[in-house]
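Q: Structure supplied as data_5.csv; contents: CSV, C-alpha atoms and all ligand atoms.
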chain,number,residue,atom,x,y,z
X,1,MET,CA,0.1,65.8,15.1
X,2,ARG,CA,3.0,64.5,12.9
X,3,ILE,CA,5.2,62.5,15.2
X,4,THR,CA,8.6,61.1,14.4
X,5,VAL,CA,9.7,58.2,16.6
X,6,ILE,CA,13.4,57.4,16.5
X,7,GLY,CA,13.9,53.7,17.2
X,8,ALA,CA,12.4,50.4,16.1
X,9,GLY,CA,13.1,48.3,19.2
X,10,VAL,CA,10.3,47.3,21.6
X,11,ILE,CA,10.1,50.9,23.0
X,12,GLY,CA,9.9,52.7,19.7
X,13,LEU,CA,7.4,50.3,18.2
X,14,SER,CA,5.2,50.3,21.2
X,15,CYS,CA,5.2,54.1,21.3
X,16,ALA,CA,4.5,54.4,17.6
X,17,HIS,CA,1.6,52.0,17.8
X,18,ASP,CA,-0.1,53.8,20.7
X,19,LEU,CA,0.5,57.2,19.2
X,20,ALA,CA,-1.0,56.1,15.9
X,21,GLU,CA,-4.0,54.6,17.7
X,22,ASP,CA,-4.4,57.9,19.5
X,23,GLY,CA,-4.9,59.6,16.1
X,24,HIS,CA,-1.4,60.9,15.3
X,25,GLU,CA,0.4,60.7,12.0
X,26,VAL,CA,3.5,58.6,13.0
X,27,THR,CA,6.8,57.8,11.2
X,28,VAL,CA,9.4,55.5,12.7
X,29,VAL,CA,13.0,56.2,11.7
X,30,ALA,CA,15.6,53.7,12.7
X,31,ASP,CA,19.0,52.5,11.4
X,32,HIS,CA,18.4,48.9,12.7
X,33,GLY,CA,15.2,47.0,12.0
X,34,PRO,CA,13.4,45.3,14.9
X,35,GLY,CA,15.1,41.9,14.3
X,36,ASP,CA,18.5,43.6,14.6
X,37,THR,CA,18.0,45.3,17.9
X,38,VAL,CA,18.8,44.5,21.6
X,39,SER,CA,15.0,44.0,21.9
X,40,ALA,CA,15.1,40.9,19.6
X,41,LEU,CA,17.6,39.2,21.8
X,42,SER,CA,15.5,39.6,24.9
X,43,ALA,CA,13.9,36.4,26.1
X,44,ALA,CA,11.4,37.9,27.2
X,45,LEU,CA,9.6,37.5,30.5
X,46,TRP,CA,7.5,40.3,32.0
X,47,PHE,CA,9.7,40.9,35.1
X,48,PRO,CA,11.3,44.0,36.5
X,49,PHE,CA,14.9,42.9,36.4
X,50,ALA,CA,16.7,45.5,38.5
X,51,ALA,CA,14.2,48.1,37.5
X,52,GLU,CA,14.1,51.5,39.2
X,53,LYS,CA,11.7,51.6,42.1
X,54,SER,CA,9.4,54.7,42.0
X,55,PRO,CA,5.7,55.4,41.8
X,56,THR,CA,6.1,56.4,38.1
X,57,VAL,CA,7.8,53.1,37.3
X,58,ASP,CA,5.3,51.1,39.3
X,59,ARG,CA,2.5,52.6,37.2
X,60,ILE,CA,4.4,51.8,34.0
X,61,LEU,CA,5.0,48.2,35.2
X,62,GLU,CA,1.3,47.8,36.0
X,63,ARG,CA,0.1,49.2,32.7
X,64,SER,CA,2.5,47.0,30.8
X,65,LEU,CA,1.5,43.9,32.7
X,66,ALA,CA,-2.2,44.6,32.1
X,67,ARG,CA,-1.6,45.1,28.3
X,68,PHE,CA,0.5,41.9,28.0
X,69,ALA,CA,-2.1,39.9,30.0
X,70,GLU,CA,-4.7,41.2,27.6
X,71,LEU,CA,-2.6,40.2,24.6
X,72,ALA,CA,-2.1,36.7,26.1
X,73,GLY,CA,-5.8,36.5,26.6
X,74,GLN,CA,-6.4,37.3,22.9
X,75,ALA,CA,-3.8,34.7,21.9
X,76,SER,CA,-5.4,32.1,24.2
X,77,ASP,CA,-8.9,32.8,22.9
X,78,ALA,CA,-7.7,32.5,19.3
X,79,GLU,CA,-5.9,29.2,19.9
X,80,GLY,CA,-8.6,27.7,22.0
X,81,ALA,CA,-6.2,26.1,24.5
X,82,GLY,CA,-3.6,28.9,24.5
X,83,ALA,CA,-1.2,26.4,23.0
X,84,ASP,CA,2.2,27.1,21.5
X,85,GLN,CA,1.3,27.6,17.9
X,86,VAL,CA,1.6,31.2,17.0
X,87,THR,CA,0.4,32.8,13.7
X,88,ASP,CA,1.2,36.2,12.5
X,89,ASP,CA,-2.2,37.8,13.5
X,90,ILE,CA,-2.1,36.4,17.0
X,91,PRO,CA,0.0,38.1,19.6
X,92,PRO,CA,2.9,35.9,20.5
X,93,VAL,CA,2.4,36.3,24.2
X,94,GLU,CA,1.4,33.6,26.7
X,95,MET,CA,0.9,33.5,30.5
X,96,ARG,CA,3.4,31.0,31.8
X,97,THR,CA,4.1,29.7,35.2
X,98,GLY,CA,7.6,29.6,36.7
X,99,THR,CA,9.6,30.1,39.8
X,100,VAL,CA,11.6,33.1,41.0
X,101,PHE,CA,14.3,31.5,43.2
X,102,GLU,CA,15.4,33.7,46.1
X,103,ARG,CA,18.8,33.8,47.9
X,104,ALA,CA,18.9,37.3,49.5
X,105,THR,CA,17.7,38.0,53.0
X,106,PRO,CA,15.3,39.5,52.9
X,107,PRO,CA,14.4,38.7,49.3
X,108,ASP,CA,13.5,41.5,46.9
X,109,ARG,CA,9.8,41.1,46.4
X,110,SER,CA,9.1,44.5,45.0
X,111,TRP,CA,7.9,42.8,41.8
X,112,VAL,CA,5.0,41.2,43.7
X,113,ASP,CA,3.0,44.4,44.2
X,114,PRO,CA,2.4,45.2,40.5
X,115,VAL,CA,1.6,41.5,39.9
X,116,VAL,CA,-1.0,41.4,42.7
X,117,ALA,CA,-2.4,44.8,41.7
X,118,VAL,CA,-3.0,43.6,38.1
X,119,LEU,CA,-3.5,39.8,38.3
X,120,GLY,CA,-4.8,39.4,41.8
X,121,GLN,CA,-3.5,37.7,45.0
X,122,ASP,CA,-3.7,34.2,43.6
X,123,ALA,CA,-1.1,35.0,40.9
X,124,VAL,CA,1.8,34.6,43.4
X,125,HIS,CA,2.5,32.1,46.1
X,126,PRO,CA,5.5,30.9,48.1
X,127,VAL,CA,7.2,27.6,47.2
X,128,ASP,CA,10.3,25.9,48.3
X,129,GLY,CA,13.2,28.2,47.6
X,130,GLY,CA,11.2,31.1,46.2
X,131,MET,CA,8.0,32.3,44.7
X,132,GLU,CA,5.9,30.7,42.1
X,133,THR,CA,3.9,33.0,39.7
X,134,THR,CA,2.3,33.1,36.3
X,135,LEU,CA,3.5,36.0,34.1
X,136,PRO,CA,3.5,36.9,30.4
X,137,MET,CA,6.2,35.3,28.3
X,138,ILE,CA,6.7,37.5,25.2
X,139,MET,CA,8.1,35.4,22.3
X,140,MET,CA,10.8,37.7,20.8
X,141,PRO,CA,11.6,38.2,18.0
X,142,THR,CA,8.3,36.9,16.7
X,143,TYR,CA,6.6,39.5,18.9
X,144,LEU,CA,8.5,42.3,17.3
X,145,ALA,CA,7.3,41.2,13.8
X,146,TRP,CA,3.8,41.1,15.1
X,147,LEU,CA,4.2,44.5,16.7
X,148,MET,CA,5.5,46.0,13.5
X,149,ASP,CA,2.5,44.6,11.6
X,150,SER,CA,0.2,46.1,14.2
X,151,CYS,CA,2.0,49.4,13.7
X,152,ARG,CA,1.5,49.2,10.0
X,153,ILE,CA,-2.2,48.4,10.4
X,154,ALA,CA,-2.5,51.4,12.7
X,155,GLY,CA,-1.0,53.6,9.9
X,156,VAL,CA,2.6,53.9,11.1
X,157,ARG,CA,5.2,54.5,8.3
X,158,PHE,CA,8.8,53.4,8.5
X,159,ARG,CA,12.1,54.9,7.2
X,160,TRP,CA,15.4,53.0,7.6
X,161,GLU,CA,18.2,55.5,8.1
X,162,LYS,CA,20.4,56.9,10.8
X,163,VAL,CA,19.2,60.2,12.3
X,164,GLU,CA,22.3,62.4,12.6
X,165,SER,CA,20.6,65.4,14.2
X,166,LEU,CA,17.1,66.2,15.6
X,167,ALA,CA,17.1,69.6,13.9
X,168,ALA,CA,16.9,67.8,10.5
X,169,LEU,CA,13.5,66.4,11.5
X,170,ALA,CA,11.8,69.7,12.4
X,171,ASP,CA,10.4,70.3,8.9
X,172,THR,CA,8.5,67.0,8.8
X,173,ALA,CA,7.4,66.6,12.4
X,174,ASP,CA,5.5,68.5,15.0
X,175,ALA,CA,7.1,66.4,17.8
X,176,VAL,CA,9.9,63.8,18.1
X,177,VAL,CA,10.1,60.8,20.4
X,178,VAL,CA,13.6,59.5,21.0
X,179,ALA,CA,13.5,55.8,21.7
X,180,GLY,CA,17.0,55.0,20.7
X,181,GLY,CA,17.9,52.6,23.5
X,182,LEU,CA,21.6,52.7,24.5
X,183,ARG,CA,22.1,55.5,21.9
X,184,GLY,CA,19.1,57.4,23.2
X,185,GLY,CA,21.1,60.2,24.8
X,186,GLU,CA,23.4,60.8,21.8
X,187,LEU,CA,20.9,62.9,19.9
X,188,LEU,CA,20.1,64.9,23.0
X,189,GLY,CA,23.6,66.3,23.5
X,190,GLY,CA,24.9,63.3,25.4
X,191,ASP,CA,23.8,61.5,28.6
X,192,GLU,CA,26.4,60.5,31.1
X,193,GLU,CA,23.8,58.5,33.1
X,194,VAL,CA,23.6,55.9,30.3
X,195,THR,CA,25.8,52.8,30.4
X,196,PRO,CA,25.7,49.4,28.7
X,197,ILE,CA,24.8,46.3,30.8
X,198,ARG,CA,26.2,43.4,28.8
X,199,GLY,CA,24.0,40.3,28.7
X,200,GLN,CA,25.1,37.0,27.2
X,201,VAL,CA,22.7,34.1,26.5
X,202,VAL,CA,22.7,30.7,24.9
X,203,VAL,CA,19.7,29.7,22.8
X,204,LEU,CA,18.7,26.0,23.0
X,205,ALA,CA,16.2,24.1,20.9
X,206,ASN,CA,13.0,23.6,23.0
X,207,GLY,CA,12.9,19.9,23.2
X,208,TYR,CA,13.6,17.2,20.7
X,209,GLU,CA,11.9,13.9,19.7
X,210,ALA,CA,12.7,10.4,21.0
X,211,ASP,CA,15.3,8.5,18.9
X,212,ASP,CA,14.7,4.8,18.7
X,213,GLU,CA,18.2,4.1,17.3
X,214,ASP,CA,20.5,2.5,19.7
X,215,GLY,CA,22.9,5.3,20.6
X,216,ALA,CA,23.7,6.2,17.0
X,217,ASP,CA,23.3,9.9,17.6
X,218,GLY,CA,25.9,10.0,20.4
X,219,GLU,CA,23.3,11.5,22.8
X,220,GLU,CA,22.9,10.2,26.3
X,221,ASP,CA,20.5,7.2,25.9
X,222,GLY,CA,17.8,5.7,28.0
X,223,GLU,CA,18.0,2.2,29.6
X,224,ASP,CA,17.1,0.4,26.4
X,225,GLY,CA,19.8,2.4,24.5
X,226,ALA,CA,17.3,4.7,22.8
X,227,ASP,CA,17.3,8.5,23.4
X,228,PRO,CA,14.0,9.3,25.2
X,229,GLY,CA,13.9,12.8,23.8
X,230,VAL,CA,12.9,15.9,25.8
X,231,ALA,CA,9.3,17.3,25.7
X,232,PRO,CA,9.1,21.1,25.1
X,233,LEU,CA,9.6,23.1,28.2
X,234,THR,CA,7.0,25.7,29.2
X,235,ARG,CA,7.9,26.5,32.8
X,236,TRP,CA,10.5,29.2,33.4
X,237,ALA,CA,12.9,29.7,36.3
X,238,THR,CA,15.1,32.6,37.4
X,239,ASP,CA,17.9,32.6,40.0
X,240,ASN,CA,19.1,36.2,39.7
X,241,ASP,CA,21.0,36.3,43.0
X,242,HIS,CA,23.2,33.2,42.0
X,243,PRO,CA,26.7,34.0,43.4
X,244,ASP,CA,28.3,33.1,40.0
X,245,GLY,CA,26.0,35.3,38.0
X,246,GLU,CA,22.3,35.8,37.2
X,247,THR,CA,20.8,32.6,36.0
X,248,TYR,CA,17.6,32.1,34.1
X,249,VAL,CA,15.9,29.5,31.8
X,250,LEU,CA,13.1,31.1,29.7
X,251,PRO,CA,11.3,28.8,27.2
X,252,ARG,CA,9.9,30.5,24.1
X,253,VAL,CA,8.0,28.4,21.6
X,254,ASP,CA,10.7,26.6,19.6
X,255,SER,CA,13.7,27.8,21.7
X,256,VAL,CA,14.8,28.2,25.2
X,257,VAL,CA,16.9,31.3,26.2
X,258,VAL,CA,19.3,30.6,29.0
X,259,GLY,CA,21.4,33.2,30.7
X,260,GLY,CA,23.0,35.2,31.7
X,261,THR,CA,25.3,38.0,32.6
X,262,ALA,CA,24.9,41.6,33.7
X,263,ASP,CA,28.3,43.2,33.1
X,264,VAL,CA,27.9,46.9,33.8
X,265,GLY,CA,30.0,49.2,31.5
X,266,SER,CA,31.0,46.4,29.1
X,267,TRP,CA,30.8,47.2,25.4
X,268,ASP,CA,32.0,43.7,24.3
X,269,GLU,CA,29.5,42.3,21.8
X,270,GLU,CA,31.3,39.0,21.2
X,271,PRO,CA,30.0,35.9,23.0
X,272,SER,CA,32.6,34.3,25.3
X,273,ALA,CA,32.9,30.4,25.1
X,274,GLU,CA,33.9,30.3,28.7
X,275,THR,CA,31.0,32.4,29.8
X,276,ALA,CA,28.6,30.2,27.7
X,277,GLU,CA,29.9,27.1,29.4
X,278,ALA,CA,29.4,28.6,32.8
X,279,ILE,CA,25.8,29.7,31.9
X,280,LEU,CA,24.9,26.2,30.7
X,281,ALA,CA,26.3,24.6,33.8
X,282,ARG,CA,24.2,26.9,36.1
X,283,ALA,CA,21.1,26.5,33.9
X,284,ALA,CA,21.5,22.7,34.1
X,285,VAL,CA,21.3,22.9,37.9
X,286,LEU,CA,18.2,25.1,37.7
X,287,VAL,CA,16.4,23.0,35.0
X,288,PRO,CA,18.2,19.7,34.4
X,289,GLU,CA,16.5,19.1,30.9
X,290,THR,CA,18.6,22.0,29.5
X,291,ALA,CA,21.7,19.9,29.7
X,292,THR,CA,20.5,17.7,26.8
X,293,LEU,CA,18.9,20.3,24.6
X,294,PRO,CA,20.8,21.1,21.3
X,295,ILE,CA,22.5,24.5,21.2
X,296,LEU,CA,21.0,26.7,18.5
X,297,GLY,CA,23.2,29.7,19.0
X,298,HIS,CA,24.9,32.3,21.3
X,299,GLY,CA,24.0,36.0,21.7
X,300,VAL,CA,25.2,39.1,23.4
X,301,GLY,CA,23.1,42.2,23.9
X,302,LEU,CA,23.9,45.6,25.5
X,303,ARG,CA,21.0,46.6,27.7
X,304,PRO,CA,20.4,50.3,27.8
X,305,GLY,CA,21.2,50.9,31.4
X,306,ARG,CA,20.6,54.3,33.1
X,307,THR,CA,20.6,55.5,36.7
X,308,THR,CA,16.8,56.2,36.2
X,309,LEU,CA,14.4,55.5,33.4
X,310,ARG,CA,14.0,58.6,31.2
X,311,VAL,CA,10.4,59.1,30.0
X,312,GLU,CA,9.8,62.9,29.9
X,313,GLN,CA,9.7,65.9,27.7
X,314,VAL,CA,13.2,67.3,27.2
X,315,ASP,CA,13.6,70.9,28.3
X,316,PRO,CA,13.5,72.9,25.1
X,317,THR,CA,16.2,75.2,26.3
X,318,ASP,CA,18.6,72.2,26.2
X,319,LEU,CA,17.8,71.7,22.5
X,320,PRO,CA,17.6,75.3,21.1
X,321,SER,CA,18.3,74.3,17.5
X,322,VAL,CA,15.6,71.6,17.3
X,323,GLY,CA,12.4,73.8,17.1
X,324,VAL,CA,9.8,71.1,18.0
X,325,PRO,CA,9.1,69.4,21.3
X,326,VAL,CA,11.2,66.3,22.0
X,327,ILE,CA,10.2,63.4,24.3
X,328,ALA,CA,12.8,61.1,25.6
X,329,ALA,CA,11.9,57.4,26.1
X,330,TYR,CA,15.0,55.4,26.9
X,331,GLY,CA,17.2,53.9,29.6
X,332,HIS,CA,15.0,50.8,30.2
X,333,GLY,CA,18.0,48.6,31.3
X,334,GLY,CA,17.1,44.9,31.7
X,335,SER,CA,13.3,45.6,31.7
X,336,GLY,CA,12.5,47.2,28.3
X,337,VAL,CA,9.9,44.6,27.3
X,338,THR,CA,8.5,44.6,30.8
X,339,LEU,CA,8.1,48.4,30.7
X,340,SER,CA,7.2,48.8,27.1
X,341,TRP,CA,3.4,49.4,27.0
X,342,GLY,CA,3.4,51.5,30.1
X,343,THR,CA,6.1,53.7,28.5
X,344,ALA,CA,4.0,54.0,25.3
X,345,GLU,CA,1.0,55.1,27.3
X,346,ARG,CA,3.1,57.7,29.2
X,347,VAL,CA,4.5,59.0,25.9
X,348,VAL,CA,1.0,59.4,24.5
X,349,GLU,CA,0.0,61.4,27.7
X,350,LEU,CA,3.1,63.6,27.2
X,351,VAL,CA,2.3,64.2,23.5
X,352,ASP,CA,-1.4,64.9,24.2
X,353,GLY,CA,-0.2,67.4,26.9
X,354,LEU,CA,2.0,69.4,24.5
X,401,LIG,C1,20.3,39.1,27.2
X,401,LIG,C2,19.1,40.0,27.4
X,401,LIG,C3,18.0,39.5,28.0
X,401,LIG,C4,16.9,40.4,28.3
X,401,LIG,N1,15.8,39.9,28.8
X,401,LIG,C5,14.7,40.7,29.1
X,401,LIG,C6,13.5,40.2,29.6
X,401,LIG,O1,13.4,39.0,29.8
X,401,LIG,N2,12.5,41.1,29.9
X,401,LIG,C7,12.6,42.4,29.6
X,401,LIG,O2,11.7,43.2,29.9
X,401,LIG,N3,13.8,42.9,29.1
X,401,LIG,C8,14.8,42.1,28.8
X,401,LIG,N4,16.0,42.6,28.3
X,401,LIG,C9,16.1,44.1,28.2
X,401,LIG,C10,15.5,44.6,26.9
X,401,LIG,O3,16.0,43.8,25.8
X,401,LIG,C11,15.9,46.1,26.7
X,401,LIG,O4,15.6,46.8,27.8
X,401,LIG,C12,15.1,46.6,25.5
X,401,LIG,O5,15.3,45.8,24.4
X,401,LIG,C13,15.4,48.1,25.1
X,401,LIG,O6,14.6,48.4,24.0
X,401,LIG,P1,14.8,49.8,23.2
X,401,LIG,O7,13.7,49.8,22.2
X,401,LIG,O8,14.9,50.9,24.2
X,401,LIG,O9,16.2,49.7,22.5
X,401,LIG,P2,16.7,48.8,21.3
X,401,LIG,O10,16.0,47.5,21.2
X,401,LIG,O11,18.2,48.8,21.4
X,401,LIG,O12,16.3,49.7,20.0
X,401,LIG,C14,16.9,50.9,19.7
X,401,LIG,C15,16.5,51.4,18.4
X,401,LIG,O13,16.9,52.8,18.2
X,401,LIG,C16,17.5,52.9,16.9
X,401,LIG,N5,18.4,54.1,17.0
X,401,LIG,C17,19.2,54.5,18.0
X,401,LIG,N6,19.8,55.7,17.6
X,401,LIG,C18,19.4,55.9,16.4
X,401,LIG,C19,19.7,57.0,15.4
X,401,LIG,N7,20.6,58.0,15.7
X,401,LIG,N8,19.1,57.0,14.2
X,401,LIG,C20,18.3,56.0,13.9
X,401,LIG,N9,17.9,55.0,14.7
X,401,LIG,C21,18.5,55.0,15.9
X,401,LIG,C22,18.2,51.6,16.7
X,401,LIG,O14,18.4,51.4,15.3
X,401,LIG,C23,17.1,50.6,17.2
X,401,LIG,O15,16.1,50.4,16.2
X,401,LIG,C24,17.0,41.8,28.0
X,401,LIG,C25,18.2,42.3,27.4
X,401,LIG,C26,19.2,41.4,27.1
X,401,LIG,C27,20.5,41.9,26.5
Go ahead and express the file in the form of structure tokens.
Ligand SMILES: Cc1cc2nc3c(=O)[nH]c(=O)nc-3n(C[C@H](O)[C@H](O)[C@H](O)COP(=O)(O)OP(=O)(O)OC[C@H]3O[C@@H](n4cnc5c(N)ncnc54)[C@H](O)[C@@H]3O)c2cc1C

A:
Amino acid sequence: MRITVIGAGVIGLSCAHDLAEDGHEVTVVADHGPGDTVSALSAALWFPFAAEKSPTVDRILERSLARFAELAGQASDAEGAGADQVTDDIPPVEMRTGTVFERATPPDRSWVDPVVAVLGQDAVHPVDGGMETTLPMIMMPTYLAWLMDSCRIAGVRFRWEKVESLAALADTADAVVVAGGLRGGELLGGDEEVTPIRGQVVVLANGYEADDEDGADGEEDGEDGADPGVAPLTRWATDNDHPDGETYVLPRVDSVVVGGTADVGSWDEEPSAETAEAILARAAVLVPETATLPILGHGVGLRPGRTTLRVEQVDPTDLPSVGVPVIAAYGHGGSGVTLSWGTAERVVELVDGL
């Protein structure tokens, strides 16, 4: 079938990839390239941040985790030791150990079931203050570049333009997949269940080298006056129930993403200096090394929040002028990367069932 996928974020690209691998003729149409999407801002750790709890979502979580673990295995085999160097043809995904700090009583451990189902009982164990586990860290935005290359290799074509109406696509497609993130509902006549969840982050350099000069750089120096430097971080930490706001430290390869906020209903895309300061203060308590890491930048992304994840065929009577089947794949909130491959597999099932 000829399939048009609207969206070049992690959901659109994952769907396009799997549809092309399934033998379909796939075109992605998007008005923002992968590097300019909310997906690019994501840290990203495989972890269901406030994800809907249902058997369908559990299945999607498990399938995504299995696929990312597989990609991490490929990267590790290619690199020998699974080290940090990433090249274009190796998936920028690594299994990394970290701690999920817990404050709620009882803590929300719903994320443990899919982890144990895919990675086994040994993948999770209690530690002081929470649970230690080893999960895929997906190095955005490098991963999106790799995913786009993988799409091209699978035969996917790309068109960079805004889709104003689905009806205009009917001549060139046998089915359409709407993976438009926060704007996913707009092309489907509106969706009142969609709401932005604003996330602000600070991006830090991941480590820096020792400086033998005596305090010349103005950084805090060691006993002998020299700055001892900071080795690259690999361990991650999350403290999502922190009373002052969700807090996480997620090291990529060259950078560390620290966050965050989850402002439901906020459309403000400007980073706030005051919020950044508060994020850095909370992060420094969680991982003290972050206090000395140079700041590379600030970012804000609007997560595509929805009361429930929407991955389904849209009722054709709701879209009488479109003329071809339409599949909705949006509303992934704070877990779009975490749910991406499972969403793609579900979309392939829906297309194959048409
Ligand atoms: C600060 C922050 C941290 C996060 N951390 C994590 C994390 O650690 N793990 C995790 O799993 N998730 C994380 N997320 C959530 C994740 O980033 C999102 O759930 C995910 O990016 C949503 O992907 P998407 O492809 O649906 O949407 P997007 O990435 O927003 O992509 C939407 C695409 O649709 C296109 N589009 C929309 N409408 C049209 C139209 N009419 N015509 C043409 N193109 C259109 C856009 O151009 C774009 O290409 C984080 C989010 C934020 C903000």

Q: Quick one: pull the distance between atom CA of Phe158 of chain X and atom CA of Leu65 of chain X, Å, one decimal.

A: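 Those two atoms sit 27.0 Å apart.
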
Q: Looking at all atoms listed in the file, which of X:Val324, X:Val178, X:Ala170, X:Leu354 is the one that sits closest to ligand LIG 401 (chain X)?

A: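 The closest residue to ligand LIG 401 (chain X) is X:Val178.
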
Q: Using all atoms listed in the file, what are the residues with an atom within 6 Å of ligand LIG 401 (chain X), set out as a PDB file with C-alpha atoms, in the coordinates of the input?

A:
ATOM      1  CA  ILE X   6      13.400  57.400  16.500  1.00  0.00           C
ATOM      2  CA  GLY X   7      13.900  53.700  17.200  1.00  0.00           C
ATOM      3  CA  ALA X   8      12.400  50.400  16.100  1.00  0.00           C
ATOM      4  CA  GLY X   9      13.100  48.300  19.200  1.00  0.00           C
ATOM      5  CA  VAL X  10      10.300  47.300  21.600  1.00  0.00           C
ATOM      6  CA  ILE X  11      10.100  50.900  23.000  1.00  0.00           C
ATOM      7  CA  GLY X  12       9.900  52.700  19.700  1.00  0.00           C
ATOM      8  CA  VAL X  29      13.000  56.200  11.700  1.00  0.00           C
ATOM      9  CA  ALA X  30      15.600  53.700  12.700  1.00  0.00           C
ATOM     10  CA  ASP X  31      19.000  52.500  11.400  1.00  0.00           C
ATOM     11  CA  HIS X  32      18.400  48.900  12.700  1.00  0.00           C
ATOM     12  CA  GLY X  33      15.200  47.000  12.000  1.00  0.00           C
ATOM     13  CA  PRO X  34      13.400  45.300  14.900  1.00  0.00           C
ATOM     14  CA  THR X  37      18.000  45.300  17.900  1.00  0.00           C
ATOM     15  CA  VAL X  38      18.800  44.500  21.600  1.00  0.00           C
ATOM     16  CA  SER X  39      15.000  44.000  21.900  1.00  0.00           C
ATOM     17  CA  LEU X  41      17.600  39.200  21.800  1.00  0.00           C
ATOM     18  CA  SER X  42      15.500  39.600  24.900  1.00  0.00           C
ATOM     19  CA  ALA X  43      13.900  36.400  26.100  1.00  0.00           C
ATOM     20  CA  ALA X  44      11.400  37.900  27.200  1.00  0.00           C
ATOM     21  CA  LEU X  45       9.600  37.500  30.500  1.00  0.00           C
ATOM     22  CA  TRP X  46       7.500  40.300  32.000  1.00  0.00           C
ATOM     23  CA  PHE X  47       9.700  40.900  35.100  1.00  0.00           C
ATOM     24  CA  GLU X 161      18.200  55.500   8.100  1.00  0.00           C
ATOM     25  CA  LYS X 162      20.400  56.900  10.800  1.00  0.00           C
ATOM     26  CA  VAL X 163      19.200  60.200  12.300  1.00  0.00           C
ATOM     27  CA  GLU X 164      22.300  62.400  12.600  1.00  0.00           C
ATOM     28  CA  ALA X 179      13.500  55.800  21.700  1.00  0.00           C
ATOM     29  CA  GLY X 180      17.000  55.000  20.700  1.00  0.00           C
ATOM     30  CA  GLY X 181      17.900  52.600  23.500  1.00  0.00           C
ATOM     31  CA  ARG X 183      22.100  55.500  21.900  1.00  0.00           C
ATOM     32  CA  GLY X 184      19.100  57.400  23.200  1.00  0.00           C
ATOM     33  CA  GLY X 199      24.000  40.300  28.700  1.00  0.00           C
ATOM     34  CA  GLN X 200      25.100  37.000  27.200  1.00  0.00           C
ATOM     35  CA  VAL X 201      22.700  34.100  26.500  1.00  0.00           C
ATOM     36  CA  GLY X 301      23.100  42.200  23.900  1.00  0.00           C
ATOM     37  CA  LEU X 302      23.900  45.600  25.500  1.00  0.00           C
ATOM     38  CA  ARG X 303      21.000  46.600  27.700  1.00  0.00           C
ATOM     39  CA  PRO X 304      20.400  50.300  27.800  1.00  0.00           C
ATOM     40  CA  TYR X 330      15.000  55.400  26.900  1.00  0.00           C
ATOM     41  CA  HIS X 332      15.000  50.800  30.200  1.00  0.00           C
ATOM     42  CA  GLY X 333      18.000  48.600  31.300  1.00  0.00           C
ATOM     43  CA  GLY X 334      17.100  44.900  31.700  1.00  0.00           C
ATOM     44  CA  SER X 335      13.300  45.600  31.700  1.00  0.00           C
ATOM     45  CA  GLY X 336      12.500  47.200  28.300  1.00  0.00           C
ATOM     46  CA  VAL X 337       9.900  44.600  27.300  1.00  0.00           C
ATOM     47  CA  THR X 338       8.500  44.600  30.800  1.00  0.00           C
TER      48      THR X 338
END

Q: Counting only C-alpha atoms, what is within 9 Å of Tyr208 of chain X, bar same-chain residues fewer than 2 positions away, as a list in words?

A: Ala205, Asn206, Ala210, Gly229, Val230, Ala231, Pro232, Leu293 and Pro294 of chain X

Q: Which residue out of X:Ala329, X:Val322, X:Ala20, X:Ala75 has the minimum interatomic distance to Ala173 of chain X when only C-alpha atoms are used?

A: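 Comparing X:Ala329, X:Val322, X:Ala20, X:Ala75 against Ala173 of chain X, the winner is X:Val322.
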
Q: For Val253 of chain X, which of X:Ile327, X:Leu182, X:Leu204, X:Ala145 is the closest residue, counting all atoms listed in the file?

A: X:Leu204

Q: Mind pulling up the distance from atom CA of Ile3 of chain X to atom CA of Leu71 of chain X?

A: 25.4 Å

Q: To one decimal place in Å, what is the distance between atom CA of Met1 of chain X and atom CA of Asp352 of chain X?

A: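 Atom CA of Asp352 of chain X lies 9.3 Å from atom CA of Met1 of chain X.
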
Q: Looking at only C-alpha atoms, which of X:Arg63, X:Glu246, X:Asp122, X:Arg159 is the one that sits closest to Glu102 of chain X?

A: X:Glu246

Q: Can you tell me, as a list in words, what residues are no more than 12 Å from Asp191 of chain X when counting only C-alpha atoms, ignoring any on the same chain fewer than 2 positions away?

A: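 Counting only C-alpha atoms, the residues come to Gly181, Leu182, Arg183, Gly184, Gly185, Glu186, Leu187, Leu188, Gly189, Glu193, Val194, Thr195, Pro304, Gly305, Arg306, Thr307, Thr308, Arg310, Ala328, Tyr330 and Gly331 of chain X.
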
Q: Would you put the residues from that selection into a file with C-alpha atoms, as an mmCIF file, in the coordinates of the input?

A:
data_model
loop_
_atom_site.group_PDB
_atom_site.id
_atom_site.type_symbol
_atom_site.label_atom_id
_atom_site.label_comp_id
_atom_site.auth_asym_id
_atom_site.auth_seq_id
_atom_site.Cartn_x
_atom_site.Cartn_y
_atom_site.Cartn_z
ATOM 1 C CA GLY X 181 17.900 52.600 23.500
ATOM 2 C CA LEU X 182 21.600 52.700 24.500
ATOM 3 C CA ARG X 183 22.100 55.500 21.900
ATOM 4 C CA GLY X 184 19.100 57.400 23.200
ATOM 5 C CA GLY X 185 21.100 60.200 24.800
ATOM 6 C CA GLU X 186 23.400 60.800 21.800
ATOM 7 C CA LEU X 187 20.900 62.900 19.900
ATOM 8 C CA LEU X 188 20.100 64.900 23.000
ATOM 9 C CA GLY X 189 23.600 66.300 23.500
ATOM 10 C CA GLU X 193 23.800 58.500 33.100
ATOM 11 C CA VAL X 194 23.600 55.900 30.300
ATOM 12 C CA THR X 195 25.800 52.800 30.400
ATOM 13 C CA PRO X 304 20.400 50.300 27.800
ATOM 14 C CA GLY X 305 21.200 50.900 31.400
ATOM 15 C CA ARG X 306 20.600 54.300 33.100
ATOM 16 C CA THR X 307 20.600 55.500 36.700
ATOM 17 C CA THR X 308 16.800 56.200 36.200
ATOM 18 C CA ARG X 310 14.000 58.600 31.200
ATOM 19 C CA ALA X 328 12.800 61.100 25.600
ATOM 20 C CA TYR X 330 15.000 55.400 26.900
ATOM 21 C CA GLY X 331 17.200 53.900 29.600
#
